[in-house]
Every structure is written in C-alpha cells, then in structure tokens.
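**Student:** I am attaching a structure below and will ask some questions about it afterwards.
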Amino acid sequence: PKPRLNPIPTHPNPSLRPCNSGERGAMDPTMLKRQRTFDPTAAWFPESLTEDPSTWVDQSLVSVEQMSPGGVRLVMDYAERCRRLIEDGPGHCGLLQGKIMAAVFYEASTRTACSFHAAMLRLGGSVIPLPSSSSSVSKGESLADTIRCLECYCDVLVLRHPDKGSCDTAARAASIPVLNAGDGTGEHPTQALLDVYTMRAELGGDAPQDCTVTLAGDLKHGRTVHSLAVLLARAQFGNLSLRYIAPPSLEMPDGVKAQVAAAGVDQTEVSTLAEGIRGADVLYVTRIQKERFDNESDYHDVKGSYVLTPAIMKDAKEKMAVMHPLPRVDEIHTDVDDDPRAAYFRQMRNGMYVRMALLLLTCGKIPPLSP
C-alpha cells in the first residue's frame, strides 16, 4: 500500500501517545495527539469513535457504525458548544485557522455543502470547493486518484458521491480524514447526527430516549433514514421505538431493519400518515427520490403517496417535532411551515453546529465552553 501520513489505528485499543507539557505548550493547548498504527485492510472499525476525543483525531467518518454511544454524545456536547459560540458568543473563532477543507461534491447539494462551508469558515479555516463538473473526473480520472491529488492541498476532505460505498473507497485511498456527506443510497452519517441533535433540541430532556420516531417516505433509497435508524438503535437511547411508512416497493431495506432489531429496538410498519403520527414524538418525512428510479413512470406511480397537511397535524402530539432532511417536493404542504412543531428549518441550521463539532474533533481541537 502507498505510504500514509495519517494511518488508521488498530481496533479496539489504539495506542495513545501522551504529550508532555513542553510539547503541548509549544504547539497548541487544545490539540490532541495520538500514536497511529497502519492497517491496510480497513477504512474504519465499528465503535472506534468513542467519548474519548483523541479517538476522533485524523479519523474518517464513513458510517454511523463507527460511533459508540459515548461517541454520539460527545458530538452532541461539542455541537451544543458550537451553537452557543454562534448564538451567544462572537459567532466565529480561529481554532481551525490555517486548516483547509476540500468539499468534493459529485451530486447536487445545498444544505450539506453550505453548512460544511459555513462550519469551516466559522472556525477560521478555508475551503476548496470542487464540484464534479470542475474536476478531472470528466476526463476519466478515478475517485482514488482525485482523493490522492486533493490530499496534497488540504487537511480534511468532505465527499458526496452517487455510488454506494464510494466514501469507503475514498477513505481507503486517503491519508487525510474523509467525512461522508452522502454516498448514493448508502449512508449519510453527518445528517443522522444533526437529526439526533435536533430531536434533543426540540423535545428536550433525554430525547430521543423514551420516544416514538416515525420515518415516512422513500425508505428504500433514503440514505438519511438508513443512517438515522441505525444510529438511533446503536446509540442506546432506551425505550425507543421506530415506525415506518413507505409506498409499496420503497420500504425500509431488510439490512437496516436487521441492524435495528439486533439492537433490541421495536419496529412497526404502518400504512398511513394518520396512523404513523398518532402518539409519535417525531415525524421524519423524506421525499420520493426521482433520481433513484430507472423508469420515470415508476416514480410518478408513487409520487405524492404521502402529503402532510395541517388537517393531519391535528392528530399529532402538542410537542411532536416534524423533521425533513430537505429538499422537499410535495410531501409536506407549505401551510405546515407555520406550525411551531415544524422543525425542518431549525434542523437545517443545526447542521452547521454538528459539522463544526465534527471538524473540530477530526482536527483535534476542543470547542470553547459557553460564554
């Protein structure tokens, strides 16, 4: 294998190298150091990202399976600190000054791309944006070669790609951390983290513990719901149940349901929004993804299968949160936007805080405490 600047640690007990006070002081008091051991056979390990911040340094985030329950809670804590920095503090800091993030997007993106850009800029870093239309992929360059090129110029790389498993391929090729911003119908771990953060912010307490979460829409192709269902199950929130609503042929994949079941989380399939919303604490709606269909007529057969309206919302809990990864097409009527339970635009803002947290963790920095 090619030499790596930041090889991957072995699992489950990576060797940590403590910094002496002189070394720490000479560099940066917020920088975390670790000894790394190369394993050429894997891009990541299950539950290797823990509540110990040093386990995140220079590590790629490819799958929600990488995070232990404590690791998820660490991201929530860092994200809350970042929120306070923005909302109650100066709105920016220089913790990542001198760091460069490459944003490589082979698919269209508004929220994920902009929130990662904003996160890096708020932290004092810089961004190299690279849409596929501007890269040498149009000349036939492989993904691995593109990654090896970009790692010469930046410290962390954010990748969105239409092919499932592409981020794993990129992480294997890279000597810098790769953050999965969505890989086809596979996963979207940073979205799942911001979704959990939003549930906690909207419902308070120990949410999503003791909650019923309903996932509705295109559950077959929706990488957001794949990652969210698995993350909710693996994070051990306790007394959590999931409901699924999907048109025929677009149900949640069996592989995802098997992972959720293995964690002991109750799962139920229902057929209508009215049934799914009754007693739910969270309604998570997704669009029918036209771009994933081989035949456009098949898309039109299921388009508009579920539309959330104010009339349906009358049966919902007073504190239920309506979430959506966006963009929406017609699955949530715009009249619902004025309902205080409509959390999807607040959810969008939370994405910046969570991605600030991930960039800080990856770069070995600790966010400031609340002002």
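So you can find residues: chains in the structure tokens are A, B, ... in the order shown, residues in each start at 1, and ligands are numbered from 1 in order.
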Write out as a ChimeraX atom specification the residues lying within 6 Å of stretch 307-319 of chain A, counting only C-alpha atoms and excluding same-chain residues fewer than 5 positions away.
**Tutor:** /A:277-278,331-333,336
**Student:** In stretch 193-235 of chain A, what's strand (DSSP E or B) per DSSP? Answer as a ChimeraX atom specification?
**Tutor:** /A:212-216
**Student:** With DSSP run on the backbone, what are the alpha helix (DSSP H) residues within stretch 43-249 of chain A? I'd like them as a CSV table (one decimal) with C-alpha atoms, in the first residue's frame.
**Tutor:**
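Result saved to result_2.csv:
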```
chain,number,residue,atom,x,y,z
A,69,PRO,CA,-23.0,5.6,22.2
A,70,GLY,CA,-20.5,7.7,24.1
A,71,GLY,CA,-19.1,9.0,20.8
A,72,VAL,CA,-22.5,10.1,19.7
A,73,ARG,CA,-23.0,12.0,23.0
A,74,LEU,CA,-19.6,13.6,22.6
A,75,VAL,CA,-20.6,15.0,19.2
A,76,MET,CA,-23.8,16.3,20.8
A,77,ASP,CA,-21.8,18.1,23.5
A,78,TYR,CA,-19.4,19.7,21.0
A,79,ALA,CA,-22.3,20.7,18.8
A,80,GLU,CA,-24.0,22.5,21.7
A,81,ARG,CA,-20.8,24.3,22.5
A,82,CYS,CA,-20.6,25.4,18.9
A,83,ARG,CA,-24.3,26.6,19.0
A,84,ARG,CA,-23.5,28.8,22.0
A,85,LEU,CA,-20.4,30.1,20.2
A,86,ILE,CA,-22.6,31.2,17.3
A,87,GLU,CA,-25.7,32.3,19.1
A,111,ARG,CA,-27.7,22.3,2.8
A,112,THR,CA,-24.8,19.8,3.3
A,113,ALA,CA,-22.4,21.7,1.1
A,114,CYS,CA,-23.3,25.1,2.5
A,115,SER,CA,-23.3,24.0,6.1
A,116,PHE,CA,-19.9,22.4,5.8
A,117,HIS,CA,-18.5,25.5,4.1
A,118,ALA,CA,-20.0,27.7,6.8
A,119,ALA,CA,-18.8,25.4,9.6
A,120,MET,CA,-15.2,25.6,8.4
A,121,LEU,CA,-15.3,29.3,7.8
A,122,ARG,CA,-16.9,30.0,11.3
A,143,LEU,CA,-12.1,8.6,-7.5
A,144,ALA,CA,-9.0,7.3,-5.7
A,145,ASP,CA,-6.7,9.4,-7.9
A,146,THR,CA,-8.8,12.5,-7.2
A,147,ILE,CA,-8.6,11.9,-3.5
A,148,ARG,CA,-4.8,11.4,-3.6
A,149,CYS,CA,-4.5,14.7,-5.5
A,150,LEU,CA,-6.6,16.7,-3.1
A,166,SER,CA,-17.7,5.4,-2.6
A,167,CYS,CA,-16.8,7.1,0.7
A,168,ASP,CA,-15.3,3.9,2.0
A,169,THR,CA,-13.2,3.7,-1.2
A,170,ALA,CA,-12.1,7.3,-0.7
A,171,ALA,CA,-11.2,6.7,2.9
A,172,ARG,CA,-9.0,3.7,2.0
A,173,ALA,CA,-7.2,5.8,-0.6
A,189,PRO,CA,-23.8,9.9,9.0
A,190,THR,CA,-23.4,13.7,9.5
A,191,GLN,CA,-27.1,14.1,8.6
A,192,ALA,CA,-28.0,11.4,11.2
A,193,LEU,CA,-26.0,13.2,13.8
A,194,LEU,CA,-27.7,16.5,13.2
A,195,ASP,CA,-31.1,14.8,13.2
A,196,VAL,CA,-30.4,13.4,16.7
A,197,TYR,CA,-29.2,16.8,17.8
A,198,THR,CA,-32.4,18.4,16.5
A,199,MET,CA,-34.5,15.8,18.4
A,200,ARG,CA,-32.8,16.7,21.6
A,201,ALA,CA,-33.2,20.4,21.0
A,202,GLU,CA,-36.9,20.2,20.0
A,203,LEU,CA,-38.1,17.7,22.6
A,223,ARG,CA,-29.6,7.3,2.9
A,224,THR,CA,-30.7,9.8,5.6
A,225,VAL,CA,-33.3,7.4,7.1
A,226,HIS,CA,-30.9,4.4,6.8
A,227,SER,CA,-28.2,6.2,8.8
A,228,LEU,CA,-30.7,7.7,11.3
A,229,ALA,CA,-32.5,4.4,12.1
A,230,VAL,CA,-29.2,2.6,12.7
A,231,LEU,CA,-27.7,5.4,14.7
A,232,LEU,CA,-30.8,5.7,16.9
A,233,ALA,CA,-30.7,2.0,17.6
A,234,ARG,CA,-27.0,1.7,18.2
```
**Student:** Have a look at A:Val178, A:Val329, A:Ala280, A:Val137 and name the one nearest to A:Leu157; count only C-alpha atoms.
**Tutor:** A:Val178
**Student:** Find the distance between atom CA of A:Lys164 and atom CA of A:Lys220 and write it in Å to one decimal.
**Tutor:**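 For atom CA of A:Lys164 relative to atom CA of A:Lys220, the distance reads 13.0 Å.
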**Student:** Find the residue from A:Met323, A:Val260, A:Val285, A:Ile176 that sits nearest to A:Leu219; use only C-alpha atoms when measuring.
**Tutor:**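 So, comparing all the options, the nearest one is A:Val285.
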**Student:** Contacts of A:Met101 at 8 Å or less, counting only C-alpha atoms, minus same-chain residues fewer than 6 places along, as a list in words?
**Tutor:**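 Close residues of A:Met101: Met120, Gly125, Ser126, Val127, Ile128, Cys154, Asp155, Val156, Leu157 and Val158 of chain A.
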**Student:** Just give me the gap between atom CA of A:Asp254 and atom CA of A:Thr214 in Å, one decimal is fine.
**Tutor:**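 About the pair atom CA of A:Asp254 and atom CA of A:Thr214: they are 17.1 Å apart.
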**Student:** Find the residue from A:Ala235, A:Met348, A:Ala343, A:Ile245 that sits nearest to A:Leu326; use only C-alpha atoms when measuring.
**Tutor:** A:Met348
**Student:** One decimal, in Å: what's the spacing between atom CA of A:Arg355 and atom CA of A:Asp206?
**Tutor:**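 Atom-to-atom, atom CA of A:Arg355 to atom CA of A:Asp206, that is 21.6 Å.
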